[in-house]
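> Below is a structure I'd like to ask you about.
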Amino acid sequence: MWIRISGLILRNKILLLTILTAITIFFGYHAKRVEMSYSYASLIPKKDQAYKDYQKFVEIFGEEGNLIIIGIQDPDFFKLEKFQKWGELCDTLTQVEGVENLLSVSNTYNLRKNSTKKQFEVEQIFPETIASQEELNTYAEKFKSLPFYKGLVYNEEADCYLLAITVNKDKMKTKEREQMVLSIQQLCQQFEKEQNTKLHYSGLPYIRVVNSIKIRNELYLFSALALFICIVVLFIFFRSFKAVFFPVLIVLIGVVWSMGMLHLFGYKITILSGMIPPLLIVIGIPNSIYMLNKFHHEYVSHGNKIKALQRVIIKIGNATFLTNLTTASGFATFIIVKSDILKQFGIVASLNILGLFFLSLLLIPIIFSFIEPPSSKHVRHLESSFISRVIEQLMKITQHNRKAVYIITIAILGVGIYGITLMKSSGLVVDDIPETDPVYIDLKFFEKNFNGVMPLEIMIDTKQRGGAMQITTFNKIDQLEKKLANYSELSPATSLLNLLKFSKQAFYNGQEKYYSLPNNREKNFILQYASTGEENTELLHSFVDSTRQTTRVSIRIKDVGTKRMEELYAGFNTHIDSIFTPEKYDVTITGTSIIAFKGTQYLLKNLFISLALAIVLIAGFMALMFSSWRMVIMSLTPNVIPLVFTAAIMGFADIPIKASTILVFSIAFGISVDNTIHFLAKYRQELNATNWDIKKSVVLALKETGVSMLYTSVVLFFGFGIFTLSSFGGTQAMGVLVSLTLLVAVTSNLILLPSLLLGLDRLTTTKSFKEPLLHIYDEEEDIELEDLEIFYSKNKKK
């Protein structure tokens, strides 16, 4: 088959180049139209109960995660000049396009009883014009006598004050959100400069916008760095402009295809899909390295350029196809995860890895058939004294120190298994953001002074119209809030009870001692006051639905991570079950924090499944290629050990299991097994050439493939190493862990695999291995000689 493919490629060079150019123009057109994703990608499927619960909450009460929070810590906040400037800032912010509402100390309201109309009238606590400091002190004293606002917009003990901005949810899903957040920042920074103070920013909309801008910037940075590293490494190895330019051109075409495919499939650039271009550059270059190395090796041995190019296709085409197939499989396993962001990443990455294989298979032979054959300078790398010494040392270790290799391997496995027991999971919202980042620092400011910004909602359905307004429901909610008050991770609850307490205080002319729940006698006439008037009704509807059957308890929670969140979630449910009887109440815990927590749990579970699937798929490809279950086990062993090693490093270094770090294993396993396939494919060729001399076959295979394995490993190690420059901790961890895993993997494939082949020679190298399902051609097998003569004559004419 590969003989026919080689003839087809080299006979139809112009036609194939034309087709590839047309495809690239097509994908290039779509690549120009690809956009950044500005919407939050939920990690849980739409059929999950947690997702349905959240959608039901949004349907009744609206979005609760559209708040940008700005905080200030200033003991002189109520100094007249500063307070007026703060008020001016609030007024200016309301003019920003996309800002729908704003709550701060300067625009808080009080309820005043109107006995004539039997309703509460809403009045602003701080008027627009305040003439003196004494007047401001009077209003501030009045404000502080209202417990309703304590912990909600200010922390008196810490002199901290909060500004909550409600932003348009539709605008948050478009590119315009960047300009909106930038406008808010500019106005606040101007205030900071004028007042010589520091403001703190947080809230999910703010965090998401800041992160999306960083993702876009890093997309360009990492693509450029990956390209630079590949250029440097290729030039150091091959010392040839042609051997650098054309492989780089191939991966750049692959990047254009990937970006075009994103738009063609209706996908947008996310934190994961933004990593595809640099990943393709790093993963695609090894194809060219193996092909060019084989081309140079063949050309040196017989001096026929066309014969060398044809043998490149025939001899390593099958093995290279399988290596790309295994790498693509590592990414493709993410398709089974019901998370859109991971599914899109898996689809586009896997398809374009295979696309890069076909580009390399077509373009390397076609392009190099047109240009001059390599000179002695360009093939000098095959005789590199440094590489030769490394290969010789590896051969000595595998031939004379196999026992030491086995003992070290067993020791690594033992330590690795212990390290795995130390691993822990994490699901922090800002887990990928370093502690020195302003986003992280500001979030901790709000957690310290306002118990966090992550929304947590408890929705209580009383199963009857008007049930939410009954005194029994009030008492049960009060019991729940008292139990929740014992958790240091939670802010004080805000619910219908706060409004009732506020109303009771207003009914008794604002006396602070009356800020408490109304009794059964007081309830009716206080509710009558609270339910009359348009502003009162609107305030009431923010806590109960139109039928007054369902109410909510709103809480802010610290970013505590998956493990603690799981404990808290179980504790909340225990309290709810002890207070609310299921026959009369349907109580649901939801909110953005729950969606994030459930999503992380779901994602980790599915990523472990995808890793297992990757191992099974790749084992299947190995079985198809080598037709020997013993050889399949042999081939998987040197690639599983690096995964155990990396998992142990994570355990010892306290690197948590999370979405970004669990990706490491599927990606690294799919890539590392490539070296094994190339080595065993060459080993089997040498077995036939040496009349089943196992020792000689191992040495010859190590000599030829060892060079390419070292070259590609350098590219992959430094290529993935660039991700350590990311401003996201998860991306940094992925870069370090993948680089480390691949380093251990190439060491394992260069030392452990040959040692196992030599030490267990008769056990693993059986007849079934000699006669595989997928045939790989021998070195001296006949190739279409007539075609070679035609090609050769054409070459001579040139």
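Residue numbers start at 1 in each chain; chains themselves are named A, B, ... in the order of the structure tokens; ligands are numbered from 1 in the order shown.
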Considering only C-alpha atoms, return as a CSV table (one decimal) with N, CA, C and O atoms, in the first residue's frame whatever protein or nucleic-acid residues lie within 8 Å of range 130-137 of chain A, sequence-local ones (same chain, fewer than 2 positions apart) excluded.

chain,number,residue,atom,x,y,z
A,78,PHE,N,-16.0,58.6,55.5
A,78,PHE,CA,-17.1,59.6,55.8
A,78,PHE,C,-16.6,61.0,56.0
A,78,PHE,O,-17.3,61.9,56.5
A,79,LYS,N,-15.4,61.3,55.6
A,79,LYS,CA,-15.0,62.7,55.5
A,79,LYS,C,-15.7,63.3,54.3
A,79,LYS,O,-15.8,62.7,53.2
A,80,LEU,N,-16.2,64.5,54.4
A,80,LEU,CA,-17.0,65.1,53.5
A,80,LEU,C,-16.5,65.1,52.0
A,80,LEU,O,-17.2,64.7,51.1
A,126,PHE,N,-28.6,59.5,51.9
A,126,PHE,CA,-27.7,60.6,51.7
A,126,PHE,C,-28.2,61.4,50.5
A,126,PHE,O,-28.2,60.9,49.4
A,127,PRO,N,-28.7,62.6,50.8
A,127,PRO,CA,-29.1,63.5,49.7
A,127,PRO,C,-28.0,63.8,48.7
A,127,PRO,O,-26.8,63.7,49.0
A,128,GLU,N,-28.3,64.3,47.6
A,128,GLU,CA,-27.3,64.6,46.5
A,128,GLU,C,-26.4,65.8,47.0
A,128,GLU,O,-25.3,65.8,46.7
A,139,TYR,N,-26.2,61.9,58.8
A,139,TYR,CA,-26.7,60.9,57.8
A,139,TYR,C,-26.0,59.6,58.0
A,139,TYR,O,-26.6,58.5,57.9
A,140,ALA,N,-24.6,59.7,58.3
A,140,ALA,CA,-23.8,58.5,58.5
A,140,ALA,C,-24.3,57.7,59.7
A,140,ALA,O,-24.4,56.5,59.7
A,141,GLU,N,-24.7,58.5,60.8
A,141,GLU,CA,-25.2,57.8,62.0
A,141,GLU,C,-26.5,57.1,61.7
A,141,GLU,O,-26.7,56.0,62.2
> Looking only at the backbone, which of the residues in range 260-509 of chain A does DSSP tag as alpha helix (DSSP H), as JSON, numbers by chain?
{"A": [260, 261, 262, 263, 264, 276, 277, 278, 279, 280, 281, 282, 283, 284, 285, 286, 287, 288, 289, 290, 291, 292, 293, 294, 295, 296, 297, 298, 299, 300, 301, 302, 305, 306, 307, 308, 309, 310, 311, 312, 313, 314, 315, 316, 317, 318, 319, 320, 321, 322, 323, 324, 325, 326, 327, 328, 329, 330, 331, 332, 340, 341, 342, 343, 344, 345, 346, 347, 348, 349, 350, 351, 352, 353, 354, 355, 356, 357, 358, 359, 360, 361, 362, 363, 364, 365, 366, 367, 368, 369, 370, 385, 386, 387, 388, 389, 390, 391, 392, 393, 394, 395, 396, 397, 398, 399, 400, 402, 403, 404, 405, 406, 407, 408, 409, 410, 411, 412, 413, 414, 415, 416, 417, 418, 419, 420, 438, 439, 440, 441, 442, 443, 444, 445, 446, 447, 448, 449, 450, 471, 472, 473, 474, 475, 476, 477, 478, 479, 480, 481, 482, 483, 484, 496, 497, 498, 499, 500, 501, 502, 503, 504, 505, 506, 507]}
> From the list A:Leu484, A:Met172, A:Val58, A:Val453, which residue is nearest Lys558 in chain A when using only C-alpha atoms?
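That would be A:Val453, the residue with the smallest distance to Lys558 in chain A.
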> Go through A:Leu737, A:Lys294, A:Ser339, A:Leu497 and flag the residue nearest Asp48 in chain A, using only C-alpha atoms for the distances.
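Smallest distance to Asp48 in chain A is found for A:Ser339.
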> Applying 7 Å and only C-alpha atoms, which residues near Val632 in chain A remain after dropping the ones on its own chain fewer than 4 positions away? List them as a short mmCIF file (atom, residue, chain, number, x, y, z; two decimals) with N, CA and C atoms, in the first residue's frame.

data_model
loop_
_atom_site.label_atom_id
_atom_site.label_comp_id
_atom_site.auth_asym_id
_atom_site.auth_seq_id
_atom_site.Cartn_x
_atom_site.Cartn_y
_atom_site.Cartn_z
N ALA A 619 -3.49 0.99 23.24
CA ALA A 619 -3.14 -0.43 23.33
C ALA A 619 -3.72 -1.19 22.14
N MET A 622 -1.60 -0.54 19.15
CA MET A 622 -0.36 -1.31 19.30
C MET A 622 -0.60 -2.77 18.91
N ALA A 623 -1.73 -3.32 19.36
CA ALA A 623 -2.05 -4.71 19.04
C ALA A 623 -2.23 -4.87 17.53
N SER A 628 0.87 -8.82 18.83
CA SER A 628 1.41 -9.64 19.92
C SER A 628 1.03 -8.97 21.25
N LEU A 636 3.67 -0.62 26.33
CA LEU A 636 2.97 0.28 27.24
C LEU A 636 3.77 0.56 28.51
#
> Rounded to one decimal, what separation in Å do you get between CA of Ala349 in chain A and CA of Ala22 in chain A?
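CA of Ala22 in chain A lies at a distance of 21.4 Å from CA of Ala349 in chain A.
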> I'd like to know which of A:Phe669, A:Ile433, A:Ile662, A:Ile649 is closest to Val616 in chain A, using only C-alpha atoms.
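Of A:Phe669, A:Ile433, A:Ile662, A:Ile649, the one nearest Val616 in chain A is A:Phe669, counting only C-alpha atoms.
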> How far is it from CA of Asp577 in chain A to CA of Lys482 in chain A, in Å with one decimal?
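Separating CA of Asp577 in chain A from CA of Lys482 in chain A is a distance of 14.9 Å.
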> List as a ChimeraX atom specification the protein and nucleic acid residues near Leu16 in chain A, meaning an atom at most 12 Å away when only C-alpha atoms are counted, but skip any in the same chain fewer than 2 places from it.
/A:8-14,18-23,358-359,361-363,365-367
> If you count only C-alpha atoms, which residues fall within 10 Å of Phe26 in chain A, apart from same-chain ones fewer than 6 positions away, as a list in words?
Leu20, Val256, Trp257, Gly260 and Met261 of chain A
> Using only C-alpha atoms, please write the residues we just selected to a file, as a PDB file, in the first residue's frame.

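Result file is again-v1.pdb:
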ATOM      1  CA  LEU A  20      -3.463  21.761  -0.584  1.00  0.00           C
ATOM      2  CA  VAL A 256      -4.314  28.051   9.758  1.00  0.00           C
ATOM      3  CA  TRP A 257      -6.344  24.868   9.236  1.00  0.00           C
ATOM      4  CA  GLY A 260     -10.368  27.849  10.189  1.00  0.00           C
ATOM      5  CA  MET A 261     -11.864  24.635  11.535  1.00  0.00           C
TER       6      MET A 261
END
> Determine, for each residue of range 172-201 of chain A having at least one atom at most 7 Å from an atom of range 92-97 of chain A, the closest pair of atoms and their separation in Å to one decimal, counting only C-alpha atoms; order by chain and ascending number, as a tab-separated table.

residue	atom	partner	partner_atom	distance
A:Met180	CA	A:Glu97	CA	6.5
A:Ser183	CA	A:Val96	CA	7.0
A:Ile184	CA	A:Leu93	CA	6.6
> Now that the selection is made, can you save its residues with N, CA, C and O atoms as a CSV table (one decimal), in the first residue's frame?

chain,number,residue,atom,x,y,z
A,180,MET,N,-16.6,47.8,28.3
A,180,MET,CA,-17.4,48.2,29.5
A,180,MET,C,-16.5,48.1,30.7
A,180,MET,O,-16.4,49.0,31.6
A,183,SER,N,-13.8,50.7,30.7
A,183,SER,CA,-14.3,52.0,31.1
A,183,SER,C,-14.5,52.1,32.6
A,183,SER,O,-14.2,53.2,33.2
A,184,ILE,N,-15.0,51.1,33.2
A,184,ILE,CA,-15.2,51.1,34.7
A,184,ILE,C,-13.8,51.2,35.4
A,184,ILE,O,-13.6,52.0,36.3
> Quick one: of A:Ala733, A:Cys160, A:Leu752, A:Val415, who's nearest to Asn449 in chain A, counting only C-alpha atoms?
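Of the candidates, the smallest distance to Asn449 in chain A is held by A:Cys160.
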> How many Å separate CA of Gly467 in chain A from CA of Gln549 in chain A?
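One can read the CA of Gly467 in chain A to CA of Gln549 in chain A distance as 5.1 Å.
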> Could you give me, as a PDB file with C-alpha atoms, in the first residue's frame, the residues within 12 Å of Glu218 in chain A, counting only C-alpha atoms and dropping anything in the same chain fewer than 4 positions from it?

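See selection_22.pdb below for the written result:
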ATOM      1  CA  ASN A 211      -8.918  36.230  32.026  1.00  0.00           C
ATOM      2  CA  SER A 212     -10.231  36.304  28.456  1.00  0.00           C
ATOM      3  CA  ILE A 213      -7.914  39.225  27.627  1.00  0.00           C
ATOM      4  CA  LYS A 214      -4.964  37.282  29.053  1.00  0.00           C
ATOM      5  CA  PHE A 222       2.924  31.064  22.913  1.00  0.00           C
ATOM      6  CA  SER A 223       2.491  30.583  19.169  1.00  0.00           C
ATOM      7  CA  ALA A 224       5.444  32.916  18.531  1.00  0.00           C
ATOM      8  CA  LEU A 225       7.588  31.259  21.227  1.00  0.00           C
ATOM      9  CA  ALA A 226       6.760  27.735  20.012  1.00  0.00           C
ATOM     10  CA  ILE A 269     -11.430  30.600  21.105  1.00  0.00           C
ATOM     11  CA  THR A 270     -11.449  29.545  24.770  1.00  0.00           C
ATOM     12  CA  ILE A 271      -8.672  28.992  27.335  1.00  0.00           C
ATOM     13  CA  LEU A 272      -8.251  25.464  25.916  1.00  0.00           C
ATOM     14  CA  SER A 273      -8.745  26.009  22.182  1.00  0.00           C
ATOM     15  CA  GLY A 274      -6.371  28.977  22.481  1.00  0.00           C
ATOM     16  CA  MET A 275      -3.625  26.444  23.240  1.00  0.00           C
ATOM     17  CA  ILE A 276      -4.164  24.545  19.961  1.00  0.00           C
ATOM     18  CA  PRO A 277      -1.840  26.659  17.714  1.00  0.00           C
ATOM     19  CA  PRO A 278       1.274  26.334  19.923  1.00  0.00           C
ATOM     20  CA  ILE A 722       6.932  27.651  27.069  1.00  0.00           C
ATOM     21  CA  PHE A 723       3.592  27.187  28.851  1.00  0.00           C
ATOM     22  CA  THR A 724       5.399  27.813  32.141  1.00  0.00           C
ATOM     23  CA  LEU A 725       5.438  31.491  31.099  1.00  0.00           C
ATOM     24  CA  SER A 726       1.647  31.600  31.293  1.00  0.00           C
ATOM     25  CA  SER A 727      -0.069  33.848  33.823  1.00  0.00           C
ATOM     26  CA  PHE A 728      -2.451  30.960  34.599  1.00  0.00           C
ATOM     27  CA  THR A 731      -1.336  26.237  32.231  1.00  0.00           C
ATOM     28  CA  GLN A 732       2.025  26.614  33.970  1.00  0.00           C
TER      29      GLN A 732
END
> Excluding same-chain residues fewer than 5 positions from range 193-210 of chain A, what lies within 8 Å of it counting only C-alpha atoms, as a list in words?
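My list of contacting residues is Tyr38, Tyr40, Gly65, Asn66, Leu67, Ile68, Ile69, Ile70, Gly71, Ile72, Gln73, Lys82, Met172, Arg177, Glu178, Val181, Cys188, Val439, Asp442, Leu443, Phe445, Phe446, Val453 and Met454 of chain A.
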